[in-house]
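J.: Got a file for you: work17.txt, compact mmCIF, C-alpha atoms.
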# COMPACT_ATOMS: atom_id res chain seq x y z
CA MET A 554 0.00 0.00 0.00
CA ASN A 555 1.24 3.47 -0.89
CA ILE A 556 -0.38 6.86 -0.29
CA LYS A 557 0.10 8.79 -3.54
CA SER A 558 -1.55 11.97 -2.23
CA ASN A 559 -3.23 13.28 0.91
CA GLU A 560 -5.12 16.53 0.48
CA LYS A 561 -7.27 18.37 3.02
CA LYS A 562 -10.56 19.53 1.54
CA GLU A 563 -13.43 21.67 2.79
CA ASN A 564 -16.28 20.41 5.01
CA SER A 565 -13.88 18.50 7.28
CA THR A 566 -12.78 16.00 4.63
CA TYR A 567 -9.51 14.57 3.38
CA GLU A 568 -8.96 13.14 -0.08
CA LEU A 569 -6.53 10.23 -0.13
CA VAL A 570 -5.28 8.59 -3.31
CA ILE A 571 -4.10 5.09 -2.35
CA GLU A 572 -2.15 2.67 -4.48
CA VAL A 573 -2.23 -1.10 -4.01
CA GLY A 574 0.79 -2.72 -5.64
CA ALA A 575 1.13 -5.83 -7.77
CA VAL A 576 2.22 -8.12 -4.94
CA GLU A 577 -0.80 -7.27 -2.74
CA PHE A 578 -3.21 -7.31 -5.66
CA GLN A 579 -1.99 -10.64 -7.03
CA ALA A 580 -2.23 -12.18 -3.55
CA ALA A 581 -5.85 -11.01 -3.38
CA ILE A 582 -6.54 -12.47 -6.85
CA ASP A 583 -5.07 -15.81 -5.71
CA LYS A 584 -7.41 -15.84 -2.71
CA VAL A 585 -10.43 -15.07 -4.90
CA TYR A 586 -9.42 -17.75 -7.40
CA ASN A 587 -9.07 -20.38 -4.65
CA ARG A 588 -12.50 -19.48 -3.30
CA GLN A 589 -14.23 -19.60 -6.67
CA LYS A 590 -12.37 -22.29 -8.64
CA SER A 591 -14.71 -25.08 -7.53
CA ARG A 592 -17.53 -23.32 -9.42
CA ILE A 593 -15.58 -22.63 -12.66
CA ASN A 594 -15.91 -24.88 -15.72
CA VAL A 595 -13.03 -25.09 -18.19
CA PRO A 596 -13.18 -27.64 -21.05
CA GLY A 597 -10.58 -30.37 -20.65
CA PHE A 598 -10.35 -29.99 -16.88
CA ARG A 599 -12.38 -31.44 -14.08
CA LYS A 600 -14.49 -28.83 -12.31
CA GLY A 601 -12.30 -26.85 -9.92
CA LYS A 602 -9.01 -28.22 -11.32
CA ALA A 603 -8.24 -25.66 -14.03
CA PRO A 604 -5.14 -23.53 -13.29
CA ARG A 605 -5.71 -19.84 -12.68
CA LYS A 606 -3.81 -18.84 -15.85
CA MET A 607 -6.03 -21.13 -17.91
CA VAL A 608 -9.18 -19.59 -16.38
CA GLU A 609 -7.88 -16.07 -17.05
CA ARG A 610 -6.97 -17.00 -20.64
CA MET A 611 -10.46 -18.31 -21.24
CA TYR A 612 -12.56 -15.70 -19.42
CA GLY A 613 -10.21 -12.72 -19.45
CA ALA A 614 -7.57 -11.54 -16.99
CA GLU A 615 -10.09 -9.21 -15.38
CA ILE A 616 -12.41 -11.99 -14.24
CA PHE A 617 -11.17 -11.80 -10.63
CA TYR A 618 -10.42 -8.05 -10.46
CA GLU A 619 -13.67 -6.83 -8.91
CA ASP A 620 -13.71 -9.37 -6.09
CA ALA A 621 -9.96 -8.97 -5.52
CA ILE A 622 -10.36 -5.20 -5.18
CA SER A 623 -13.18 -5.71 -2.65
CA LEU A 624 -10.89 -8.09 -0.74
CA ALA A 625 -7.78 -5.90 -0.83
CA TYR A 626 -9.01 -2.35 -0.38
CA PRO A 627 -10.19 -2.52 3.28
CA ASP A 628 -6.69 -3.34 4.58
CA ALA A 629 -5.18 -0.75 2.25
CA TYR A 630 -7.66 1.86 3.42
CA GLU A 631 -7.11 1.11 7.11
CA GLY A 632 -3.33 1.14 6.62
CA ALA A 633 -3.51 4.49 4.83
CA LEU A 634 -5.61 6.02 7.64
CA LYS A 635 -3.11 4.82 10.23
CA GLU A 636 -0.14 6.12 8.25
CA ALA A 637 -1.81 9.48 7.63
CA GLY A 638 -3.02 9.79 11.23
CA ILE A 639 -6.62 10.30 10.13
CA ASP A 640 -9.53 9.31 12.39
CA PRO A 641 -12.72 9.04 10.29
CA VAL A 642 -16.17 9.77 11.70
CA ALA A 643 -18.22 8.48 8.76
CA TYR A 644 -18.18 5.95 5.98
CA PRO A 645 -15.71 6.92 3.21
CA GLN A 646 -16.61 7.67 -0.38
CA LEU A 647 -14.53 5.37 -2.58
CA GLU A 648 -13.71 5.61 -6.26
CA ILE A 649 -11.51 3.23 -8.28
CA LEU A 650 -9.19 5.32 -10.46
CA ASP A 651 -7.36 2.60 -12.38
CA VAL A 652 -6.71 -1.12 -12.26
CA SER A 653 -4.37 -3.52 -14.06
CA ALA A 654 -2.38 -6.66 -13.35
CA ASP A 655 0.15 -4.39 -11.63
CA GLY A 656 -2.37 -3.29 -9.00
CA PHE A 657 -5.05 -0.67 -8.58
CA THR A 658 -5.42 2.90 -7.36
CA PHE A 659 -8.45 4.29 -5.56
CA LYS A 660 -9.53 7.60 -4.08
CA ALA A 661 -11.02 7.74 -0.59
CA THR A 662 -12.86 10.85 0.56
CA VAL A 663 -12.77 10.69 4.34
CA THR A 664 -14.86 12.77 6.76
CA VAL A 665 -13.11 13.74 9.99
CA LYS A 666 -14.30 15.41 13.16
CA PRO A 667 -14.80 19.14 12.51
CA GLU A 668 -13.04 21.83 14.47
CA ALA A 669 -15.39 23.01 17.19
CA SER A 670 -15.21 25.90 19.62
CA ILE A 671 -17.51 27.11 22.36
CA LYS A 672 -17.77 30.19 24.55
CA ASP A 673 -19.76 31.23 27.61
CA TYR A 674 -20.52 27.66 28.56
CA LYS A 675 -20.45 28.39 32.29
CA GLY A 676 -23.43 29.86 34.06
CA LEU A 677 -26.00 28.73 31.51
CA PRO A 678 -29.47 30.04 32.41
CA VAL A 679 -31.15 26.72 33.19
CA ALA A 680 -33.28 26.16 36.27
CA LYS A 681 -33.38 22.82 38.01
CA PRO A 682 -37.01 22.05 38.87
CA ASP A 683 -37.98 21.68 42.52
CA VAL A 684 -39.32 18.24 43.36
CA LYS A 685 -42.27 18.08 45.75
CA VAL A 686 -44.76 15.42 46.80
CA SER A 687 -48.17 16.43 48.11
CA ALA A 688 -50.74 14.57 50.21
CA ALA A 689 -52.83 14.23 47.02
CA ASP A 690 -49.86 12.60 45.27
CA ILE A 691 -49.52 10.02 48.05
CA LYS A 692 -53.26 9.38 47.93
CA ALA A 693 -52.91 8.66 44.20
CA GLU A 694 -50.02 6.28 44.95
CA LEU A 695 -52.25 4.44 47.44
CA LYS A 696 -55.10 3.99 44.95
CA PRO A 697 -53.72 0.91 43.10
CA TYR A 698 -53.27 -0.87 46.45
CA ILE A 699 -56.80 0.05 47.45
CA ASP A 700 -58.18 -1.12 44.09
CA ARG A 701 -56.41 -4.47 44.40
CA ALA A 702 -57.74 -4.95 47.93
CA SER A 703 -61.28 -3.97 46.96
CA ARG A 704 -64.01 -6.53 46.27
CA LEU A 705 -67.22 -6.56 44.31
CA VAL A 706 -70.43 -7.13 46.31
CA SER A 707 -73.99 -7.56 45.03
CA VAL A 708 -76.41 -4.71 45.62
CA GLU A 709 -80.20 -4.51 45.28
CA ARG A 710 -80.43 -1.17 43.50
CA LYS A 711 -80.18 0.42 40.09
CA ALA A 712 -76.77 0.22 38.42
CA LYS A 713 -74.70 3.39 38.37
CA LYS A 714 -71.42 4.45 36.85
CA GLY A 715 -68.56 2.61 38.53
CA ASP A 716 -70.61 -0.52 39.18
CA THR A 717 -70.19 -3.86 37.43
CA ALA A 718 -73.26 -5.31 35.75
CA VAL A 719 -73.43 -9.05 34.98
CA ILE A 720 -75.43 -9.25 31.76
CA ASP A 721 -76.59 -11.37 28.86
CA PHE A 722 -76.75 -9.50 25.55
CA GLU A 723 -77.41 -10.17 21.90
CA GLY A 724 -77.27 -7.72 19.00
CA PHE A 725 -79.64 -7.63 16.01
CA LYS A 726 -79.28 -5.79 12.72
CA ASP A 727 -82.54 -5.54 10.78
CA GLY A 728 -83.92 -8.19 13.13
CA VAL A 729 -81.11 -10.66 12.38
CA PRO A 730 -78.39 -11.56 14.96
CA PHE A 731 -74.90 -10.49 13.82
CA GLN A 732 -71.63 -12.27 14.45
CA GLY A 733 -69.78 -11.29 17.62
CA GLY A 734 -72.80 -9.54 19.09
CA LYS A 735 -73.72 -12.09 21.77
CA GLY A 736 -72.48 -12.73 25.31
CA GLU A 737 -73.71 -14.46 28.47
CA ASN A 738 -72.93 -13.68 32.12
CA TYR A 739 -70.60 -10.94 30.93
CA SER A 740 -69.19 -8.68 33.66
CA LEU A 741 -69.37 -5.14 32.28
CA ALA A 742 -67.63 -2.33 34.17
CA LEU A 743 -69.95 0.63 33.67
CA GLY A 744 -68.03 3.70 32.62
CA SER A 745 -65.05 1.74 31.31
CA GLY A 746 -65.84 2.57 27.68
CA SER A 747 -65.13 -1.03 26.71
CA PHE A 748 -68.39 -1.42 24.75
CA VAL A 749 -69.68 0.45 21.72
CA PRO A 750 -70.65 4.10 22.56
CA GLY A 751 -74.12 4.38 24.07
CA PHE A 752 -74.28 0.81 25.36
CA GLU A 753 -72.99 1.28 28.92
CA GLU A 754 -74.90 4.54 29.31
CA GLN A 755 -78.20 2.70 28.70
CA VAL A 756 -77.35 -0.14 31.08
CA ILE A 757 -76.88 2.42 33.85
CA GLY A 758 -80.18 2.62 35.74
CA MET A 759 -81.13 -1.04 35.20
CA LYS A 760 -81.64 -3.46 38.10
CA ALA A 761 -81.02 -7.20 38.55
CA GLY A 762 -83.69 -9.19 36.66
CA GLU A 763 -84.52 -6.30 34.32
CA GLU A 764 -84.53 -6.69 30.51
CA LYS A 765 -84.21 -3.88 28.00
CA ASP A 766 -83.70 -3.22 24.28
CA LEU A 767 -80.86 -0.81 23.59
CA ASP A 768 -80.91 1.23 20.38
CA ILE A 769 -77.30 1.65 19.24
CA THR A 770 -75.67 3.26 16.19
CA PHE A 771 -72.18 1.95 15.46
CA PRO A 772 -69.46 4.54 14.74
CA GLU A 773 -68.53 5.20 11.10
CA ASP A 774 -64.97 3.98 11.73
CA TYR A 775 -66.12 0.61 13.12
CA ALA A 776 -65.70 -2.75 11.36
CA PRO A 777 -66.94 -2.42 7.73
CA GLU A 778 -69.92 -4.75 8.15
CA LEU A 779 -71.27 -2.68 11.08
CA ALA A 780 -69.87 0.81 10.40
CA GLY A 781 -72.68 3.35 10.89
CA ALA A 782 -75.29 0.59 11.31
CA GLN A 783 -78.34 1.01 13.55
CA VAL A 784 -78.79 -2.09 15.71
CA VAL A 785 -80.75 -3.30 18.74
CA PHE A 786 -79.12 -5.05 21.67
CA LYS A 787 -81.39 -7.16 23.86
CA VAL A 788 -79.92 -6.99 27.37
CA LYS A 789 -80.79 -8.81 30.59
CA VAL A 790 -79.14 -7.83 33.89
CA HIS A 791 -78.46 -10.76 36.23
CA GLU A 792 -76.62 -8.90 38.97
CA VAL A 793 -75.38 -5.45 39.92
CA LYS A 794 -72.14 -5.23 41.90
CA GLU A 795 -70.44 -2.28 43.53
CA LYS A 796 -66.82 -1.95 44.50
CA GLN A 797 -66.32 -2.12 48.25
CA GLU A 798 -63.06 -0.55 49.30
CA PRO A 799 -61.20 -1.68 52.44
CA ASP A 800 -60.66 0.55 55.45
CA VAL A 801 -57.36 2.29 54.82
CA ASP A 802 -55.72 1.83 58.20
CA ASP A 803 -52.79 0.07 59.85
CA GLU A 804 -54.29 -3.37 59.16
CA PHE A 805 -54.59 -2.44 55.49
CA ALA A 806 -50.92 -1.38 55.45
CA LYS A 807 -49.90 -4.71 56.98
CA ASP A 808 -51.89 -6.62 54.34
CA VAL A 809 -50.51 -4.82 51.29
CA SER A 810 -46.98 -3.86 52.36
CA GLU A 811 -44.05 -4.72 54.59
CA PHE A 812 -44.94 -1.94 57.04
CA ASP A 813 -46.82 -2.17 60.35
CA THR A 814 -48.51 1.22 60.19
CA LEU A 815 -50.25 3.26 57.52
CA ASP A 816 -48.05 6.27 58.27
CA GLU A 817 -44.90 4.24 57.59
CA PHE A 818 -46.38 2.91 54.37
CA LYS A 819 -47.42 6.36 53.16
CA LYS A 820 -43.98 7.75 54.05
CA ASP A 821 -42.30 5.03 51.98
CA LEU A 822 -44.63 5.67 49.04
CA GLY A 823 -43.84 9.39 49.24
CA GLU A 824 -40.09 8.80 49.36
CA LYS A 825 -40.18 6.45 46.37
CA LEU A 826 -42.35 8.84 44.38
CA LYS A 827 -40.02 11.72 45.19
CA ALA A 828 -37.01 9.64 44.11
CA ARG A 829 -38.70 8.87 40.77
CA ARG A 830 -39.58 12.49 40.23
CA GLN A 831 -36.05 13.53 41.17
CA GLU A 832 -34.61 11.15 38.57
CA GLN A 833 -36.92 12.60 35.93
CA ALA A 834 -36.10 16.16 37.04
CA ASP A 835 -32.38 15.37 36.77
CA ARG A 836 -32.86 14.01 33.25
CA ASP A 837 -34.93 17.03 32.21
CA PHE A 838 -32.36 19.39 33.70
CA GLU A 839 -29.49 17.65 31.93
CA ALA A 840 -31.36 17.74 28.61
CA ALA A 841 -32.07 21.46 29.05
CA VAL A 842 -28.41 22.15 29.88
CA ILE A 843 -27.26 20.26 26.78
CA ASP A 844 -29.78 22.14 24.61
CA ALA A 845 -28.53 25.47 25.96
CA LEU A 846 -24.91 24.39 25.51
CA THR A 847 -25.27 23.24 21.89
CA GLU A 848 -26.76 26.62 20.98
CA LYS A 849 -23.34 28.09 21.77
CA LEU A 850 -21.43 25.58 19.64
CA GLU A 851 -19.49 27.14 16.79
CA CYS A 852 -19.01 24.37 14.25
CA ASP A 853 -20.09 23.19 10.80
CA VAL A 854 -21.22 19.62 11.33
CA PRO A 855 -20.68 17.42 8.24
CA ASP A 856 -23.82 15.68 6.99
CA ALA A 857 -21.85 12.45 6.56
CA MET A 858 -21.06 12.43 10.30
CA VAL A 859 -24.75 12.70 11.18
CA ASP A 860 -25.72 10.05 8.61
CA TYR A 861 -23.14 7.66 10.04
CA ARG A 862 -24.40 8.18 13.61
CA ALA A 863 -28.01 7.73 12.44
CA ASP A 864 -27.14 4.45 10.73
CA LYS A 865 -25.43 3.15 13.87
CA MET A 866 -28.39 4.16 16.05
CA LEU A 867 -30.84 2.45 13.68
CA GLU A 868 -28.64 -0.65 13.54
CA ASP A 869 -28.48 -0.85 17.35
CA TYR A 870 -32.25 -0.39 17.63
CA ALA A 871 -32.93 -3.10 15.04
CA ASN A 872 -30.58 -5.49 16.86
CA ARG A 873 -32.44 -4.88 20.16
CA ILE A 874 -35.79 -5.61 18.50
CA GLN A 875 -34.49 -8.74 16.79
CA SER A 876 -32.89 -9.97 20.03
CA GLN A 877 -36.48 -10.28 21.32
CA GLY A 878 -37.29 -12.70 18.51
CA ILE A 879 -39.09 -10.16 16.32
CA LYS A 880 -38.02 -9.48 12.75
CA PHE A 881 -37.38 -5.77 12.30
CA GLU A 882 -39.49 -5.74 9.12
CA ASP A 883 -42.43 -7.19 11.09
CA TYR A 884 -41.88 -4.62 13.86
CA LEU A 885 -42.04 -1.77 11.34
CA ARG A 886 -45.31 -3.15 9.94
CA MET A 887 -46.80 -3.39 13.45
CA MET A 888 -45.80 0.23 14.11
CA GLY A 889 -47.14 1.39 10.75
CA MET A 890 -43.74 2.77 9.80
CA THR A 891 -41.26 2.37 6.97
CA MET A 892 -37.49 2.15 7.09
CA ASP A 893 -37.37 5.71 5.72
CA ASP A 894 -39.55 6.88 8.65
CA MET A 895 -37.20 5.22 11.14
CA ARG A 896 -34.14 6.62 9.39
CA ALA A 897 -35.62 10.15 9.49
CA GLN A 898 -36.25 9.80 13.23
CA SER A 899 -32.77 8.42 13.79
CA LYS A 900 -31.19 11.23 11.79
CA GLU A 901 -32.95 13.89 13.88
CA ALA A 902 -31.74 12.29 17.12
CA ALA A 903 -28.28 11.67 15.63
CA GLY A 904 -27.94 15.35 14.76
CA ARG A 905 -28.65 16.35 18.37
CA ASN A 906 -26.25 13.72 19.72
CA VAL A 907 -23.42 14.70 17.38
CA ARG A 908 -23.77 18.39 18.24
CA SER A 909 -23.92 17.72 21.99
CA ASP A 910 -20.82 15.49 21.81
CA LEU A 911 -18.91 18.12 19.86
CA ALA A 912 -19.97 20.81 22.32
CA LEU A 913 -18.90 18.78 25.35
CA GLU A 914 -15.61 17.80 23.70
CA ALA A 915 -14.97 21.50 23.09
CA VAL A 916 -15.65 22.19 26.78
CA ALA A 917 -13.30 19.37 27.80
CA ALA A 918 -10.59 20.82 25.55
CA ALA A 919 -11.12 24.36 26.84
CA GLU A 920 -10.95 23.18 30.45
CA GLY A 921 -7.97 20.91 29.85
CA ILE A 922 -9.88 17.90 31.14
CA GLU A 923 -7.67 14.81 31.02
CA VAL A 924 -8.52 11.20 31.75
CA SER A 925 -5.67 9.09 33.08
CA ASP A 926 -5.01 5.41 32.46
CA ALA A 927 -5.97 4.81 36.10
CA ASP A 928 -9.34 6.49 35.44
CA VAL A 929 -9.92 4.21 32.47
CA GLU A 930 -9.02 1.13 34.49
CA ALA A 931 -11.37 2.21 37.28
CA GLU A 932 -14.18 2.53 34.74
CA VAL A 933 -13.34 -0.91 33.33
CA SER A 934 -13.61 -2.39 36.83
CA LYS A 935 -16.91 -0.60 37.38
CA LEU A 936 -18.35 -1.93 34.13
CA ALA A 937 -17.09 -5.43 34.91
CA GLU A 938 -18.90 -5.38 38.25
CA GLN A 939 -22.03 -3.85 36.75
CA TYR A 940 -22.36 -6.50 34.04
CA SER A 941 -20.86 -9.43 36.01
CA MET A 942 -17.95 -9.77 33.61
CA GLU A 943 -14.21 -10.19 33.91
CA ALA A 944 -12.15 -7.03 33.41
CA GLU A 945 -10.41 -8.64 30.43
CA GLN A 946 -13.78 -9.25 28.79
CA VAL A 947 -14.66 -5.58 29.19
CA ARG A 948 -11.31 -4.50 27.73
CA ALA A 949 -11.92 -6.76 24.75
CA ALA A 950 -15.43 -5.40 24.21
CA VAL A 951 -14.79 -1.69 24.80
CA ASN A 952 -12.23 0.46 23.03
CA SER A 953 -10.10 2.17 25.70
CA GLU A 954 -9.88 5.42 23.74
CA ASP A 955 -13.65 5.53 23.33
CA LEU A 956 -13.95 4.99 27.08
CA ARG A 957 -11.44 7.78 27.74
CA ARG A 958 -13.42 10.11 25.49
CA ASP A 959 -16.73 9.21 27.19
CA LEU A 960 -15.25 9.91 30.62
CA ALA A 961 -13.96 13.30 29.45
CA ILE A 962 -17.38 14.18 28.03
CA ARG A 963 -19.05 13.09 31.27
CA ARG A 964 -16.76 15.32 33.32
CA ALA A 965 -17.36 18.23 30.99
CA LEU A 966 -21.11 17.77 31.34
CA GLU A 967 -20.90 17.72 35.14
CA LEU A 968 -18.88 20.94 35.04
CA VAL A 969 -21.43 22.69 32.83
CA LYS A 970 -24.36 21.41 34.91
CA SER A 971 -22.79 22.49 38.22
CA SER A 972 -22.25 26.01 36.93
CA ALA A 973 -25.76 26.45 35.50
CA LYS A 974 -27.79 29.22 37.14
CA LYS A 975 -31.45 29.88 37.60
CA PRO A 976 -32.59 32.32 34.88
CA ALA A 977 -32.78 35.90 36.13
CA LYS A 978 -36.28 37.35 36.40
CA LYS A 979 -37.22 40.60 34.76
CA THR A 980 -36.62 43.76 36.76
CA ALA A 981 -40.32 44.43 37.13
CA GLU A 982 -40.94 40.91 38.36
CA LYS A 983 -38.05 41.18 40.83
CA ALA A 984 -39.68 44.21 42.29
CA GLY A 985 -42.91 42.25 42.68
CA GLU A 986 -44.60 44.49 40.16
CA LYS A 987 -46.14 43.64 36.81
CA PRO A 988 -44.52 45.38 33.82
CA GLU A 989 -47.76 47.04 32.72
CA LYS A 990 -48.30 48.40 36.24
CA LYS A 991 -44.76 49.84 36.33
CA ALA A 992 -45.30 51.45 32.92
CA SER A 993 -48.57 52.95 34.15
CA LYS A 994 -46.80 54.49 37.16
CA ALA A 995 -44.10 55.98 34.93
CA LYS A 996 -46.74 57.58 32.68
CA LYS A 997 -48.52 59.04 35.70
CA ASN A 998 -45.26 60.58 36.98
CA GLU A 999 -44.67 62.18 33.58
CA GLU A 1000 -48.11 63.80 33.79
If you took the structure in this file and wrote it as structure tokens, what would it be?
T.:
Amino acid sequence: MNIKSNEKKENSTYELVIEVGAVEFQAAIDKVYNRQKSRINVPGFRKGKAPRKMVERMYGAEIFYEDAISLAYPDAYEGALKEAGIDPVAYPQLEILDVSADGFTFKATVTVKPEASIKDYKGLPVAKPDVKVSAADIKAELKPYIDRASRLVSVERKAKKGDTAVIDFEGFKDGVPFQGGKGENYSLALGSGSFVPGFEEQVIGMKAGEEKDLDITFPEDYAPELAGAQVVFKVKVHEVKEKQEPDVDDEFAKDVSEFDTLDEFKKDLGEKLKARRQEQADRDFEAAVIDALTEKLECDVPDAMVDYRADKMLEDYANRIQSQGIKFEDYLRMMGMTMDDMRAQSKEAAGRNVRSDLALEAVAAAEGIEVSDADVEAEVSKLAEQYSMEAEQVRAAVNSEDLRRDLAIRRALELVKSSAKKPAKKTAEKAGEKPEKKASKAKKNEE
């Protein structure tokens, strides 16, 4: 491999012209020939036994060129990048310039990380939301426990919203029963909206033993055979049940939790809810800080860099879906999406991620943030413990330089977050006075 030229171009790209010599190219041709010879027919020779020169004489010397180039160029490209000290951030654009028995020459247009700078990254005007938990919040947290401990009891009264009615029903269209319109001893939660509109509303007010015809018009967007149809449901109520909630006291707490008193249980629910809200608040705060930071980034981000990140994100997502035993094509159909839709979504997210990484790397550079080998090893040990792996397995799976970069970015983010300040209020608001009121006072003084 020989680099014939290395030229820096605009838009953070380099143009490399790389030459692969005769020795390397002929070795690649030999490998291709050995892989394919069992499928080549040459008169006078048993299948797979014809010498390479005989095959080339019969089919042309160029018969193996295309596959040999595909085999040889990756190593040549990687070697050229290493020799030139170029770290690509996207797939290269490749063009074969010439090819002969003496080798081939190709041009690689390589996208590199753009130069990025950032100013005024400290003291960003981002407020961290206060996290509070009210008595109403804790009551809402208690509700699922109360619902699970509740029981349905029969009542001798008219059904009302919130009750469960045990019914028989059968639907008729033009006096003829229709498929799927019949049920017996069906427990219908009134107010759940689980039946066609208008059905539950007409069952409300019925009592056990009562029969009634319900006039129903199906919605226009219903199944084609019933869309917009006027039907009659014959309904008989067997039983009306109401939900009976337990007494919410210490005994209740003992039954549904590990605590002996209701106060202890409610305190635990409040603490857990606050912790969840704090985690969400921290995520929202971090996202707002990153948004504010990337607005200050001075950099022209190459499209190829964003496209590459989007492809990787889409590839990772597809692998996660397929690891659950679902073909990605089937998943897209279930979601009503196309690959182009997913790629567009990935590209939008990739653009944000690329800009935030560049901004944080610029902060790390400006602050002189360095990550030592000991820091990297500590992170390796942490990951090994987290995923129950050996340290050597982590080192094999994770590039140390990528880990070093991630640690630097993380430290830069913590620095920016810690320096963020609550946005200053307007002067009028600081004075506890509405702007229009202050303006009115000024006008009056002028008079």
J.: Range 842-855 of chain A: which residues within 8 Å, counting only C-alpha atoms, same-chain residues fewer than 4 positions away excluded, as an mmCIF file with C-alpha atoms, keeping the file's coordinate frame?
T.:
data_model
loop_
_atom_site.group_PDB
_atom_site.id
_atom_site.type_symbol
_atom_site.label_atom_id
_atom_site.label_comp_id
_atom_site.auth_asym_id
_atom_site.auth_seq_id
_atom_site.Cartn_x
_atom_site.Cartn_y
_atom_site.Cartn_z
ATOM 1 C CA ASN A 564 -16.280 20.410 5.010
ATOM 2 C CA SER A 565 -13.880 18.500 7.280
ATOM 3 C CA THR A 664 -14.860 12.770 6.760
ATOM 4 C CA PRO A 667 -14.800 19.140 12.510
ATOM 5 C CA GLU A 668 -13.040 21.830 14.470
ATOM 6 C CA ALA A 669 -15.390 23.010 17.190
ATOM 7 C CA SER A 670 -15.210 25.900 19.620
ATOM 8 C CA ILE A 671 -17.510 27.110 22.360
ATOM 9 C CA LYS A 672 -17.770 30.190 24.550
ATOM 10 C CA ASP A 673 -19.760 31.230 27.610
ATOM 11 C CA TYR A 674 -20.520 27.660 28.560
ATOM 12 C CA LEU A 677 -26.000 28.730 31.510
ATOM 13 C CA PRO A 678 -29.470 30.040 32.410
ATOM 14 C CA VAL A 679 -31.150 26.720 33.190
ATOM 15 C CA PHE A 838 -32.360 19.390 33.700
ATOM 16 C CA VAL A 859 -24.750 12.700 11.180
ATOM 17 C CA ARG A 908 -23.770 18.390 18.240
ATOM 18 C CA SER A 909 -23.920 17.720 21.990
ATOM 19 C CA LEU A 911 -18.910 18.120 19.860
ATOM 20 C CA ALA A 912 -19.970 20.810 22.320
ATOM 21 C CA VAL A 969 -21.430 22.690 32.830
ATOM 22 C CA LYS A 970 -24.360 21.410 34.910
ATOM 23 C CA ALA A 973 -25.760 26.450 35.500
#
J.: What is the CA of Ile616 in chain A-CA of Glu572 in chain A distance in Å, reported with one decimal?
T.: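 It comes out at 20.4 Å.
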J.: Set the distance at 6 Å and use all atoms listed in the file: which residues neighbour Asn738 in chain A once local chain neighbours fewer than 6 positions away are removed? I'd like the list as a PyMOL selection string.
T.: chain A and resi 719-721
